[in-house]
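**Student:** Dropping in structure_3.tsv, with TSV, C-alpha atoms.
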```tsv
chain	number	residue	atom	x	y	z
A	1	MET	CA	0.00	0.00	0.00
A	2	ASP	CA	1.29	3.47	-0.88
A	3	LYS	CA	2.42	5.85	1.87
A	4	LYS	CA	0.19	8.61	3.20
A	5	ILE	CA	1.03	12.21	2.22
A	6	PHE	CA	-1.40	14.61	3.94
A	7	HIS	CA	-3.41	14.40	7.17
A	8	VAL	CA	-6.56	16.52	6.97
A	9	TYR	CA	-9.25	17.71	9.37
A	10	LEU	CA	-12.79	17.92	7.97
A	11	ALA	CA	-15.83	19.61	9.52
A	12	LYS	CA	-18.87	21.69	8.70
A	13	GLU	CA	-18.17	25.31	7.82
A	14	SER	CA	-19.68	27.72	10.38
A	15	VAL	CA	-22.46	25.62	11.93
A	16	PRO	CA	-23.03	26.66	15.59
A	17	ASN	CA	-23.05	23.92	18.26
A	18	ASN	CA	-22.03	21.29	15.72
A	19	GLU	CA	-19.06	19.08	16.60
A	20	SER	CA	-19.15	16.51	13.81
A	21	TYR	CA	-15.75	16.10	12.19
A	22	ALA	CA	-13.42	13.59	10.61
A	23	LYS	CA	-9.68	13.14	10.29
A	24	LEU	CA	-8.44	11.52	7.13
A	25	ASP	CA	-5.07	10.40	5.79
A	26	LEU	CA	-4.58	11.08	2.08
A	27	PRO	CA	-4.50	9.46	-0.35
A	28	ALA	CA	-7.72	7.83	0.83
A	29	SER	CA	-9.67	5.10	-0.92
A	30	PRO	CA	-13.15	5.88	-2.31
A	31	TRP	CA	-14.92	4.28	0.66
A	32	GLU	CA	-12.59	6.02	3.14
A	33	VAL	CA	-13.70	9.35	1.65
A	34	VAL	CA	-17.35	8.32	1.96
A	35	ASP	CA	-16.78	7.28	5.58
A	36	ALA	CA	-15.19	10.64	6.41
A	37	LEU	CA	-18.19	12.44	4.94
A	38	ASP	CA	-20.52	10.14	6.92
A	39	LYS	CA	-18.77	11.46	10.04
A	40	VAL	CA	-19.01	15.11	8.96
A	41	ARG	CA	-22.67	14.65	7.96
A	42	LEU	CA	-23.07	17.59	5.59
A	43	ASN	CA	-26.65	18.67	5.01
A	44	GLU	CA	-27.93	20.39	1.90
A	45	GLY	CA	-26.49	23.88	1.60
A	46	GLU	CA	-23.70	23.28	4.13
A	47	GLN	CA	-20.07	23.71	3.13
A	48	LEU	CA	-17.14	21.43	3.94
A	49	TYR	CA	-14.25	22.93	5.91
A	50	MET	CA	-10.85	21.33	5.30
A	51	GLU	CA	-7.53	21.96	7.01
A	52	ILE	CA	-4.26	20.16	6.26
A	53	GLU	CA	-2.81	19.29	9.68
A	54	ASP	CA	0.28	17.41	8.53
A	55	TYR	CA	2.27	17.43	5.28
A	56	ASP	CA	4.69	14.66	6.25
A	57	ALA	CA	7.71	14.98	3.90
A	58	PHE	CA	6.06	17.71	1.82
A	59	ALA	CA	5.95	20.55	4.36
A	60	TYR	CA	7.47	22.91	1.79
A	61	LEU	CA	4.15	22.80	-0.09
A	62	SER	CA	2.29	24.37	2.84
A	63	PRO	CA	2.65	28.07	1.85
A	64	HIS	CA	1.41	27.26	-1.64
A	65	LEU	CA	-1.43	24.84	-0.86
A	66	ASP	CA	-2.79	27.03	1.95
A	67	GLY	CA	-3.61	29.76	-0.55
A	68	LEU	CA	-5.30	27.53	-3.13
A	69	ASP	CA	-9.02	26.99	-3.56
A	70	ILE	CA	-8.75	23.21	-3.51
A	71	SER	CA	-11.39	20.57	-2.81
A	72	LEU	CA	-11.01	17.33	-0.86
A	73	ILE	CA	-11.14	15.30	-4.07
A	74	GLU	CA	-8.46	17.44	-5.72
A	75	LEU	CA	-6.17	17.18	-2.70
A	76	ASN	CA	-6.73	13.43	-2.54
A	77	ASP	CA	-5.79	13.16	-6.21
A	78	LEU	CA	-2.57	15.12	-5.64
A	79	ALA	CA	-1.72	12.85	-2.69
A	80	ALA	CA	-2.34	9.81	-4.90
A	81	LEU	CA	0.15	11.18	-7.45
A	82	LEU	CA	2.79	11.87	-4.79
A	83	SER	CA	2.35	8.66	-2.79
A	84	PRO	CA	4.11	6.20	-5.17
A	85	LEU	CA	7.26	8.36	-5.51
A	86	ASP	CA	10.44	6.77	-4.20
A	87	GLU	CA	13.18	8.68	-2.37
A	88	VAL	CA	14.94	9.87	-5.53
A	89	GLN	CA	11.66	10.79	-7.24
A	90	GLU	CA	10.61	12.78	-4.16
A	91	ALA	CA	13.88	14.71	-4.38
A	92	ALA	CA	13.26	15.26	-8.09
A	93	PHE	CA	9.75	16.54	-7.37
A	94	GLU	CA	11.07	18.98	-4.76
A	95	GLY	CA	13.76	20.16	-7.14
A	96	LEU	CA	11.35	20.59	-10.06
A	97	PHE	CA	8.93	22.36	-7.72
A	98	SER	CA	11.60	24.82	-6.51
A	99	MET	CA	12.60	25.57	-10.11
A	100	GLU	CA	8.98	26.20	-11.04
A	101	VAL	CA	8.47	28.50	-8.05
A	102	GLN	CA	11.54	30.50	-9.04
A	103	ARG	CA	10.41	30.67	-12.66
A	104	LYS	CA	6.98	31.96	-11.67
A	105	VAL	CA	8.42	34.49	-9.23
A	106	ASN	CA	10.61	35.87	-12.02
A	107	ALA	CA	7.58	35.99	-14.31
A	108	ASN	CA	5.73	38.84	-12.61
A	109	GLY	CA	4.98	37.10	-9.32
A	110	GLY	CA	2.95	34.18	-10.67
A	111	VAL	CA	1.61	31.57	-8.25
A	112	ILE	CA	1.88	27.79	-8.25
A	113	THR	CA	-1.46	26.24	-9.22
A	114	LEU	CA	-2.89	22.83	-8.39
A	115	GLN	CA	-2.35	21.81	-12.01
A	116	ASP	CA	1.32	22.82	-11.70
A	117	LEU	CA	1.70	20.52	-8.68
A	118	ARG	CA	-0.03	17.66	-10.45
A	119	ASP	CA	2.14	18.10	-13.56
A	120	LEU	CA	5.29	18.08	-11.42
A	121	ALA	CA	4.18	14.97	-9.52
A	122	VAL	CA	3.57	13.10	-12.78
A	123	SER	CA	6.84	14.39	-14.28
A	124	ALA	CA	8.82	13.15	-11.27
A	125	ARG	CA	8.15	9.63	-12.56
A	126	THR	CA	9.48	10.37	-16.06
A	127	ASP	CA	12.95	11.01	-17.51
A	128	CYS	CA	12.66	14.81	-17.83
A	129	TYR	CA	15.39	15.34	-15.21
A	130	HIS	CA	18.75	14.05	-13.98
A	131	VAL	CA	19.74	13.48	-10.37
A	132	VAL	CA	23.37	13.59	-9.24
A	133	ASP	CA	24.71	12.45	-5.87
A	134	ALA	CA	26.08	15.85	-4.84
A	135	ALA	CA	25.17	17.96	-1.81
A	136	ASP	CA	27.05	21.17	-2.68
A	137	ASP	CA	28.93	22.98	-5.43
A	138	ALA	CA	32.25	21.35	-4.56
A	139	GLN	CA	30.85	17.83	-4.90
A	140	LEU	CA	29.01	18.82	-8.06
A	141	GLY	CA	32.11	20.38	-9.59
A	142	ARG	CA	34.18	17.27	-8.88
A	143	PHE	CA	31.47	15.08	-10.44
A	144	TYR	CA	31.43	17.15	-13.64
A	145	ALA	CA	35.22	17.27	-13.81
A	146	GLU	CA	35.69	13.54	-13.20
A	147	ASN	CA	33.07	12.58	-15.77
A	148	ASP	CA	34.43	14.73	-18.63
A	149	PHE	CA	31.60	17.29	-18.64
A	150	VAL	CA	34.16	20.14	-18.73
A	151	PRO	CA	36.09	19.83	-22.05
A	152	GLU	CA	38.63	22.48	-21.00
A	153	LEU	CA	40.05	20.04	-18.44
A	154	ASP	CA	41.00	17.35	-20.95
A	155	GLY	CA	44.61	16.20	-20.63
A	156	ILE	CA	45.51	17.80	-17.32
A	157	SER	CA	47.61	15.80	-14.87
A	158	ASP	CA	46.26	14.27	-11.68
A	159	GLU	CA	48.29	16.75	-9.64
A	160	VAL	CA	46.75	19.76	-11.41
A	161	PHE	CA	43.30	18.13	-11.29
A	162	GLU	CA	43.37	18.06	-7.49
A	163	MET	CA	44.25	21.75	-7.43
A	164	LEU	CA	41.07	22.76	-9.31
A	165	ASP	CA	38.43	24.98	-7.75
A	166	PHE	CA	35.70	22.35	-7.75
A	167	ALA	CA	33.28	24.63	-5.89
A	168	GLY	CA	33.71	27.28	-8.59
A	169	ILE	CA	33.21	24.73	-11.35
A	170	GLY	CA	30.09	23.37	-9.66
A	171	ARG	CA	28.66	26.85	-9.09
A	172	MET	CA	29.28	27.80	-12.73
A	173	MET	CA	27.59	24.62	-14.01
A	174	ARG	CA	24.66	24.89	-11.61
A	175	GLN	CA	23.93	28.51	-12.49
A	176	GLY	CA	24.24	27.78	-16.20
A	177	GLU	CA	21.86	24.80	-15.97
A	178	ASN	CA	19.46	26.33	-13.41
A	179	GLY	CA	19.83	23.18	-11.32
A	180	ILE	CA	19.13	22.96	-7.60
A	181	PHE	CA	20.31	21.02	-4.54
A	182	VAL	CA	17.77	18.95	-2.63
A	183	GLY	CA	19.30	17.42	0.47
A	184	SER	CA	22.29	15.38	-0.69
A	185	LEU	CA	21.19	15.37	-4.34
A	186	TYR	CA	21.48	17.76	-7.27
A	187	VAL	CA	18.45	17.97	-9.58
A	188	LEU	CA	18.66	19.18	-13.16
A	189	ARG	CA	15.66	19.46	-15.45
A	190	ASP	CA	16.50	18.61	-19.06
A	191	GLY	CA	13.13	17.85	-20.67
A	192	GLU	CA	9.52	18.97	-20.93
A	193	LEU	CA	7.11	18.38	-18.06
A	194	THR	CA	4.29	15.90	-18.51
A	195	THR	CA	0.75	17.29	-18.24
A	196	ALA	CA	-1.40	15.44	-15.75
A	197	PRO	CA	-4.95	14.59	-16.85
A	198	PRO	CA	-7.75	16.78	-15.44
A	199	VAL	CA	-9.37	15.91	-12.13
A	200	GLN	CA	-12.92	16.61	-11.02
A	201	LYS	CA	-13.49	19.08	-8.20
A	202	THR	CA	-16.81	17.84	-6.85
A	203	LEU	CA	-17.34	14.81	-4.64
A	204	PRO	CA	-17.87	11.58	-6.61
A	205	GLY	CA	-20.68	9.09	-6.15
A	206	LYS	CA	-20.25	5.98	-4.04
A	207	PRO	CA	-18.12	3.17	-5.50
A	208	GLY	CA	-19.80	0.44	-7.50
A	209	TYR	CA	-18.40	-2.27	-5.22
A	210	LEU	CA	-19.03	-2.91	-1.52
A	211	PHE	CA	-15.74	-4.55	-0.60
A	212	ARG	CA	-12.62	-4.99	-2.72
A	213	LEU	CA	-9.45	-6.92	-1.92
A	214	THR	CA	-6.24	-7.02	-3.94
A	215	LEU	CA	-4.26	-10.12	-3.09
A	216	GLY	CA	-0.72	-11.10	-3.97
A	217	LEU	CA	1.96	-13.56	-2.95
A	218	HIS	CA	4.34	-12.89	-0.08
A	219	PRO	CA	7.40	-10.89	-1.24
A	220	ASP	CA	9.71	-13.76	-0.21
A	221	ILE	CA	8.08	-15.95	-2.87
A	222	GLY	CA	9.30	-13.64	-5.61
A	223	ASP	CA	6.15	-13.82	-7.73
A	224	ALA	CA	4.41	-10.60	-8.80
A	225	ARG	CA	1.02	-12.13	-9.59
A	226	THR	CA	-1.99	-10.34	-8.09
A	227	VAL	CA	-5.75	-10.79	-8.16
A	228	THR	CA	-8.59	-8.42	-7.25
A	229	LEU	CA	-11.70	-9.77	-5.54
A	230	ASP	CA	-14.99	-7.93	-5.15
A	231	LEU	CA	-16.84	-9.21	-2.10
A	232	PRO	CA	-19.14	-10.82	-1.30
A	233	ALA	CA	-17.94	-13.47	-3.72
A	234	ALA	CA	-19.18	-16.95	-4.61
A	235	GLU	CA	-17.14	-19.97	-3.55
A	236	ALA	CA	-16.13	-20.51	-7.18
A	237	GLU	CA	-14.70	-16.98	-7.32
A	238	LEU	CA	-12.57	-17.59	-4.22
A	239	LEU	CA	-11.24	-20.82	-5.71
A	240	ASP	CA	-10.55	-19.07	-9.01
A	241	ALA	CA	-8.55	-16.39	-7.15
A	242	GLN	CA	-6.42	-19.10	-5.55
A	243	GLU	CA	-5.89	-20.71	-8.95
A	244	GLN	CA	-4.76	-17.38	-10.46
A	245	LEU	CA	-2.25	-17.01	-7.64
A	246	GLY	CA	-1.12	-20.62	-7.97
A	247	VAL	CA	-1.94	-21.59	-4.39
A	248	GLU	CA	-4.17	-24.02	-2.53
A	249	GLY	CA	-5.75	-22.26	0.41
A	250	TRP	CA	-4.43	-18.86	1.47
A	251	GLU	CA	-1.01	-19.84	2.81
A	252	GLY	CA	1.64	-17.49	1.40
A	253	VAL	CA	-0.97	-14.97	0.22
A	254	THR	CA	-0.93	-11.39	1.46
A	255	VAL	CA	-3.33	-8.44	1.24
A	256	ILE	CA	-1.91	-5.72	-1.01
A	257	ASP	CA	-4.87	-3.37	-0.84
A	258	TYR	CA	-8.33	-3.17	0.74
A	259	ASP	CA	-11.31	-0.89	0.37
A	260	GLY	CA	-14.84	-1.34	1.64
A	261	ILE	CA	-18.06	0.25	2.80
A	262	ILE	CA	-16.74	-0.53	6.33
A	263	PRO	CA	-13.26	0.99	5.81
A	264	TYR	CA	-11.62	-0.56	8.88
A	265	ALA	CA	-13.23	-4.02	8.60
A	266	ALA	CA	-9.95	-5.53	7.45
A	267	ASP	CA	-8.44	-4.49	10.80
A	268	PHE	CA	-10.52	-6.98	12.78
A	269	THR	CA	-10.03	-9.88	10.37
A	270	ASP	CA	-6.96	-12.03	9.82
A	271	LEU	CA	-6.92	-11.71	6.05
A	272	PRO	CA	-6.61	-13.64	3.89
A	273	MET	CA	-6.62	-16.63	6.31
A	274	GLU	CA	-10.15	-15.71	7.48
A	275	LEU	CA	-11.36	-14.74	4.01
A	276	GLU	CA	-14.28	-17.19	4.06
A	277	GLU	CA	-15.48	-15.73	7.38
A	278	PHE	CA	-14.91	-12.20	6.09
A	279	ASN	CA	-16.90	-13.06	2.98
A	280	ALA	CA	-19.82	-14.04	5.22
A	281	PHE	CA	-19.56	-10.67	6.97
A	282	THR	CA	-19.63	-8.83	3.62
A	283	LYS	CA	-22.82	-10.72	2.70
A	284	ALA	CA	-24.42	-9.60	5.96
A	285	ALA	CA	-23.28	-6.00	5.38
A	286	ARG	CA	-24.64	-6.10	1.83
A	287	ASP	CA	-28.08	-7.13	3.04
A	288	ILE	CA	-28.59	-4.32	5.57
A	289	PRO	CA	-30.18	-1.05	4.33
A	290	ARG	CA	-27.65	1.60	3.31
A	291	SER	CA	-29.12	3.98	5.88
A	292	GLU	CA	-28.12	1.51	8.60
A	293	VAL	CA	-24.43	1.33	7.60
A	294	PRO	CA	-23.39	4.37	9.72
A	295	LYS	CA	-25.06	2.69	12.71
A	296	LEU	CA	-23.06	-0.49	12.14
A	297	LYS	CA	-19.86	1.55	11.84
A	298	ALA	CA	-20.73	3.41	15.05
A	299	LEU	CA	-21.27	0.13	16.91
A	300	LEU	CA	-18.04	-1.40	15.63
A	301	GLU	CA	-16.13	1.63	16.91
A	302	GLN	CA	-18.07	1.93	20.17
A	303	PHE	CA	-17.39	-1.68	21.14
A	304	GLU	CA	-13.85	-1.63	19.67
A	305	VAL	CA	-14.60	-4.81	17.75
A	306	ARG	CA	-11.51	-6.92	17.00
A	307	ASP	CA	-13.01	-10.17	15.71
A	308	ILE	CA	-15.24	-11.18	12.83
A	309	GLU	CA	-17.72	-13.11	15.03
A	310	THR	CA	-18.65	-9.98	17.02
A	311	ALA	CA	-18.98	-7.97	13.82
A	312	LEU	CA	-21.38	-10.55	12.42
A	313	PHE	CA	-23.34	-10.51	15.69
A	314	LEU	CA	-23.82	-6.75	15.44
A	315	THR	CA	-25.14	-6.94	11.87
A	316	GLU	CA	-27.88	-9.21	13.22
A	317	HIS	CA	-28.81	-6.89	16.13
A	318	LEU	CA	-28.88	-3.43	14.51
A	319	ALA	CA	-32.54	-3.05	15.44
A	320	ASP	CA	-31.53	-3.06	19.11
A	321	TYR	CA	-29.88	0.35	18.65
A	322	VAL	CA	-30.83	3.84	17.51
A	323	LEU	CA	-28.48	6.27	15.77
A	324	THR	CA	-29.40	9.95	15.35
A	325	PRO	CA	-26.89	11.41	12.84
A	326	ASP	CA	-28.17	14.98	13.30
A	327	LEU	CA	-26.84	15.16	16.86
A	328	SER	CA	-23.11	15.66	17.28
A	329	SER	CA	-22.74	17.50	20.60
A	330	PRO	CA	-24.40	17.94	24.02
A	331	GLN	CA	-25.63	21.36	22.84
A	332	GLU	CA	-27.39	19.93	19.80
A	333	THR	CA	-28.86	17.18	21.97
A	334	ALA	CA	-30.27	19.77	24.37
A	335	ILE	CA	-31.71	21.92	21.56
A	336	ASP	CA	-33.31	18.87	19.95
A	337	HIS	CA	-34.95	17.90	23.25
A	338	LEU	CA	-36.24	21.42	23.90
A	339	ARG	CA	-37.82	21.54	20.44
A	340	PHE	CA	-39.40	18.14	21.08
A	341	MET	CA	-40.87	19.34	24.37
A	342	THR	CA	-42.28	22.63	23.06
A	343	ASP	CA	-42.85	24.60	19.87
A	344	ASP	CA	-39.93	26.13	17.94
A	345	HIS	CA	-40.65	29.68	19.05
A	346	SER	CA	-40.72	28.77	22.74
A	347	ALA	CA	-37.59	26.69	22.30
A	348	GLU	CA	-35.77	29.67	20.77
A	349	LEU	CA	-36.75	31.82	23.74
A	350	LEU	CA	-35.40	29.21	26.14
A	351	LEU	CA	-32.04	28.71	24.44
A	352	SER	CA	-30.30	31.75	25.88
A	353	HIS	CA	-31.43	30.85	29.42
A	354	VAL	CA	-30.26	27.23	29.46
A	355	ASN	CA	-26.80	25.79	29.97
A	356	LEU	CA	-27.08	23.73	26.82
A	357	TYR	CA	-23.87	21.79	27.35
A	358	ALA	CA	-24.73	20.66	30.91
A	359	TYR	CA	-28.36	19.93	29.96
A	360	GLY	CA	-27.27	17.92	26.94
A	361	CYS	CA	-24.76	15.92	28.97
A	362	ASP	CA	-27.50	15.04	31.47
A	363	LEU	CA	-29.83	13.91	28.67
A	364	ILE	CA	-27.13	11.74	27.12
A	365	ARG	CA	-26.33	10.19	30.50
A	366	GLU	CA	-30.03	9.63	31.28
A	367	ASP	CA	-30.52	7.75	27.99
A	368	ASN	CA	-27.36	5.67	28.42
A	369	ALA	CA	-26.25	7.13	25.11
A	370	VAL	CA	-22.90	8.10	23.61
A	371	LEU	CA	-21.85	10.62	21.01
A	372	SER	CA	-20.24	8.44	18.36
A	373	PRO	CA	-18.35	9.76	15.32
A	374	TYR	CA	-21.56	9.14	13.35
A	375	GLY	CA	-24.11	10.67	15.70
A	376	LEU	CA	-25.92	10.04	18.99
A	377	LEU	CA	-26.08	6.30	19.68
A	378	HIS	CA	-28.17	4.43	22.26
A	379	ARG	CA	-30.06	1.21	22.73
A	380	ALA	CA	-33.67	1.18	21.54
A	381	ASP	CA	-34.76	0.26	25.09
A	382	TYR	CA	-32.44	2.91	26.64
A	383	GLN	CA	-30.67	0.27	28.73
A	384	PRO	CA	-26.88	0.55	29.23
A	385	MET	CA	-24.91	-0.24	26.08
A	386	LEU	CA	-23.03	-3.39	26.96
A	387	SER	CA	-20.64	-4.95	24.50
A	388	PRO	CA	-21.79	-8.22	22.87
A	389	MET	CA	-19.41	-10.12	25.18
A	390	GLN	CA	-20.88	-8.37	28.24
A	391	GLU	CA	-24.40	-9.14	26.98
A	392	THR	CA	-23.49	-12.82	26.67
A	393	GLN	CA	-22.00	-12.89	30.17
A	394	LYS	CA	-25.12	-11.18	31.50
A	395	MET	CA	-27.38	-13.78	29.91
A	396	GLU	CA	-25.23	-16.64	31.25
A	397	MET	CA	-25.48	-15.22	34.77
A	398	LYS	CA	-29.30	-15.01	34.51
A	399	MET	CA	-29.47	-18.63	33.40
A	400	LYS	CA	-27.54	-19.90	36.43
```
Kindly transcribe the structure held in the file into structure tokens.
**Tutor:**
Amino acid sequence: MDKKIFHVYLAKESVPNNESYAKLDLPASPWEVVDALDKVRLNEGEQLYMEIEDYDAFAYLSPHLDGLDISLIELNDLAALLSPLDEVQEAAFEGLFSMEVQRKVNANGGVITLQDLRDLAVSARTDCYHVVDAADDAQLGRFYAENDFVPELDGISDEVFEMLDFAGIGRMMRQGENGIFVGSLYVLRDGELTTAPPVQKTLPGKPGYLFRLTLGLHPDIGDARTVTLDLPAAEAELLDAQEQLGVEGWEGVTVIDYDGIIPYAADFTDLPMELEEFNAFTKAARDIPRSEVPKLKALLEQFEVRDIETALFLTEHLADYVLTPDLSSPQETAIDHLRFMTDDHSAELLLSHVNLYAYGCDLIREDNAVLSPYGLLHRADYQPMLSPMQETQKMEMKMK
């Protein structure tokens, strides 16, 4: 799986008393984006607020990205272009970026655009540049002199060669080439940049699959074969996947990538060894109404589920719980209760005279509820929310 590039904070823009938010590592898979938006719970007419909290190795982009009008999908696309870059390609990207910044500054104070960044990220994986192992002008000058890039030095003796001003040679070459040092490397652009294809700005629809696994063989096996499975899958499809990988059973098989309507479901399953059990869970998740998926995700997080059996149990007992996505804070819980008890006008008059936070906390406690990342969650019978294991232990004690 590719490395993460940006860590973002998402919330509603300017909605009083609302505390719904999500934190997301980019690049994110399609279902991870959907899950983050399920946590933010945007209503019609509300705007998404996004803040980049961490740039990892790309902190130098901060002054430029902060000033751009960029959407979550556009930023995710940029992260996806940067994520596969190796160490040398990252240095090349930084070097090409610095050259482009300097070029735009010299051209009447132009600014770096999102398309510029995308073009540079794509170009860092091409051969439009050279990278030399040199951290300063002296090292660069010696490299050029030793590799016959300075014709004037042909035929000189070793003694004279060692007396050369390598720093001066390196500075002269660097300035003439408009190259740049990035860490311990020297980056020189010597070709045209590649133009990245356009990217949409608006949020996409939900993926056409529910769960998707990309499987491959363990790196020690030295076989690059992979297979992608959309789940739930028929038994014949699972056997066909094993045949494509050349294995019997799942020994020696590893998960290369995962995405699903429950983004963290792979975390509580020993994949691919428990793939048959996980396939059963995906069938259960497929059969519940889409409106109930946030409730299942809330329960899985609330009970910190770490095994497939408990996850399956919860899919069968969703009706035992109530999730109210519109409530994200004690204040909203208090306002909702006041409007339930009286008319809207009277409720508005009361708001300024009530400690909404304290009142909301009391209501939540009274209902044995919790504020989950997906909304207010409680049992349908308002009894304490015990974990499935605690429920089982409780039943066993009653039977004794």
**Student:** Taking (-15.8, -7.3, -5.5) in the file's coordinates as the center, which residues reach within 12 Å of it, counting only C-alpha atoms, put as a list in words?
**Tutor:**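 Residues lying no farther than 12 Å from the given point: Pro207, Gly208, Tyr209, Leu210, Phe211, Arg212, Leu213, Thr214, Val227, Thr228, Leu229, Asp230, Leu231, Pro232, Ala233, Ala234, Glu237, Leu238, Ala241, Tyr258, Asp259, Gly260, Ile261, Asn279, Thr282, Lys283 and Arg286 of chain A.
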**Student:** Just C-alpha atoms for this one: save the residues we selected as an mmCIF file, in the coordinates of the input.
**Tutor:**
```
data_model
loop_
_atom_site.group_PDB
_atom_site.id
_atom_site.type_symbol
_atom_site.label_atom_id
_atom_site.label_comp_id
_atom_site.auth_asym_id
_atom_site.auth_seq_id
_atom_site.Cartn_x
_atom_site.Cartn_y
_atom_site.Cartn_z
ATOM 1 C CA PRO A 207 -18.120 3.170 -5.500
ATOM 2 C CA GLY A 208 -19.800 0.440 -7.500
ATOM 3 C CA TYR A 209 -18.400 -2.270 -5.220
ATOM 4 C CA LEU A 210 -19.030 -2.910 -1.520
ATOM 5 C CA PHE A 211 -15.740 -4.550 -0.600
ATOM 6 C CA ARG A 212 -12.620 -4.990 -2.720
ATOM 7 C CA LEU A 213 -9.450 -6.920 -1.920
ATOM 8 C CA THR A 214 -6.240 -7.020 -3.940
ATOM 9 C CA VAL A 227 -5.750 -10.790 -8.160
ATOM 10 C CA THR A 228 -8.590 -8.420 -7.250
ATOM 11 C CA LEU A 229 -11.700 -9.770 -5.540
ATOM 12 C CA ASP A 230 -14.990 -7.930 -5.150
ATOM 13 C CA LEU A 231 -16.840 -9.210 -2.100
ATOM 14 C CA PRO A 232 -19.140 -10.820 -1.300
ATOM 15 C CA ALA A 233 -17.940 -13.470 -3.720
ATOM 16 C CA ALA A 234 -19.180 -16.950 -4.610
ATOM 17 C CA GLU A 237 -14.700 -16.980 -7.320
ATOM 18 C CA LEU A 238 -12.570 -17.590 -4.220
ATOM 19 C CA ALA A 241 -8.550 -16.390 -7.150
ATOM 20 C CA TYR A 258 -8.330 -3.170 0.740
ATOM 21 C CA ASP A 259 -11.310 -0.890 0.370
ATOM 22 C CA GLY A 260 -14.840 -1.340 1.640
ATOM 23 C CA ILE A 261 -18.060 0.250 2.800
ATOM 24 C CA ASN A 279 -16.900 -13.060 2.980
ATOM 25 C CA THR A 282 -19.630 -8.830 3.620
ATOM 26 C CA LYS A 283 -22.820 -10.720 2.700
ATOM 27 C CA ARG A 286 -24.640 -6.100 1.830
#
```
**Student:** Could you check which of A:Ala284, A:Met99, A:Ile180, A:Val253 is closest to A:Asp270, using only C-alpha atoms?
**Tutor:**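 Of the candidates, the smallest distance to A:Asp270 is held by A:Val253.
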**Student:** Could you tell me how far atom CA of A:Pro294 sits from atom CA of A:Ala380, in Å to one decimal place?
**Tutor:**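 Taking atom CA of A:Ala380 as the start and atom CA of A:Pro294 as the end point, the length is 16.0 Å.
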**Student:** Kindly indicate which residue among A:Ala347, A:Leu299, A:Ala11, A:Ile70 lies nearest to A:His378, using only C-alpha atoms for the distances.
**Tutor:**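 Of all the options, A:Leu299 lies closest to A:His378.
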**Student:** If you measure from atom CA of A:Ala167 to atom CA of A:Lys104, what distance in Å do you get, rounded to one decimal?
**Tutor:**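 We find that atom CA of A:Ala167 and atom CA of A:Lys104 lie 27.9 Å from each other.
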**Student:** Find the spatial neighbours of A:Asn18, counting all atoms listed in the file, within a cut-off of 9 Å - ignore same-chain residues fewer than 3 positions away - and output them as a ChimeraX atom specification.
**Tutor:** /A:11-12,14-15,21,327-329,331-332
**Student:** When you count only C-alpha atoms, which of these residues is closest to A:Ala319: A:His64, A:Asp367, A:Arg379, A:Ala280?
**Tutor:**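 For A:Ala319, the nearest of the candidates is A:Arg379.
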**Student:** Go through A:Val40, A:Ile256, A:Leu371, A:Ala334 and flag the residue nearest A:Val354, using only C-alpha atoms for the distances.
**Tutor:** A:Ala334
**Student:** Between A:Val247, A:Val160, A:Leu386, A:Leu300, single out the one closest to A:Pro263, counting all atoms listed in the file.
**Tutor:**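 Of all the options, A:Leu300 lies closest to A:Pro263.
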**Student:** Write out as a VMD selection string each polymer residue whose atoms come within 12 Å of stretch 157-159 of chain A, counting all atoms listed in the file; drop sequence neighbours fewer than 5 positions from it.
**Tutor:** chain A and resid 145 to 146 164
**Student:** Using all atoms listed in the file, find each residue of stretch 175-294 of chain A with at least one atom at most 10 Å away from an atom of stretch 77-82 of chain A; report its shortest atom-to-atom pair and that distance in Å (one decimal), sort the rows by chain and rising residue number, and return the result as CSV.
**Tutor:**
```
residue,atom,partner,partner_atom,distance
A:Ala196,CA,A:Leu81,CA,9.5
A:Val199,CA,A:Asp77,CA,7.4
A:Gln200,CA,A:Asp77,CA,9.3
A:Lys201,CA,A:Asp77,CA,9.9
```
**Student:** Write the residues of the selection above to a file with C-alpha atoms, as a CSV table (one decimal), keeping the file's coordinate frame.
**Tutor:**
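selection05.csv, written as the output of this step:
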```csv
chain,number,residue,atom,x,y,z
A,196,ALA,CA,-1.4,15.4,-15.8
A,199,VAL,CA,-9.4,15.9,-12.1
A,200,GLN,CA,-12.9,16.6,-11.0
A,201,LYS,CA,-13.5,19.1,-8.2
```
**Student:** Looking at all atoms listed in the file, which of A:Leu26, A:Ile335, A:Ile221, A:Met172 is the one that sits closest to A:Leu350?
**Tutor:**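 Smallest distance to A:Leu350 is found for A:Ile335.
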**Student:** Would you work out the distance separating atom CA of A:Phe149 from atom CA of A:Ser184, expressed in Å to one decimal?
**Tutor:**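 Going from atom CA of A:Phe149 over to atom CA of A:Ser184, I get 20.3 Å.
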**Student:** Which residues come within 10 Å of A:Pro219, counting all atoms listed in the file, excluding same-chain residues fewer than 2 positions away, as a ChimeraX atom specification?
**Tutor:** /A:216-217,221-224,252-254
**Student:** Show which residues sit within 10 Å of A:Ala311, as number ranges by chain. Count all atoms listed in the file, and ignore same-chain residues fewer than 5 positions away.
**Tutor:** A: 265, 268-269, 278, 281, 284-285, 296-297, 299-300, 303, 305-306, 316, 388
**Student:** I want to know what sits within 10 Å of stretch 150-152 of chain A, based on only C-alpha atoms, with residues of the same chain fewer than 3 positions away left out; could you give that as number ranges by chain?
**Tutor:** A: 141, 144-147, 155-156, 169, 173
**Student:** Next, write the just-selected residues to a file, as a compact mmCIF listing (two decimals), in the coordinates of the input, keeping C-alpha atoms as the atom set.
**Tutor:**
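That gives us selection.txt:
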```txt
# COMPACT_ATOMS: atom_id res chain seq x y z
CA GLY A 141 32.11 20.38 -9.59
CA TYR A 144 31.43 17.15 -13.64
CA ALA A 145 35.22 17.27 -13.81
CA GLU A 146 35.69 13.54 -13.20
CA ASN A 147 33.07 12.58 -15.77
CA GLY A 155 44.61 16.20 -20.63
CA ILE A 156 45.51 17.80 -17.32
CA ILE A 169 33.21 24.73 -11.35
CA MET A 173 27.59 24.62 -14.01
```
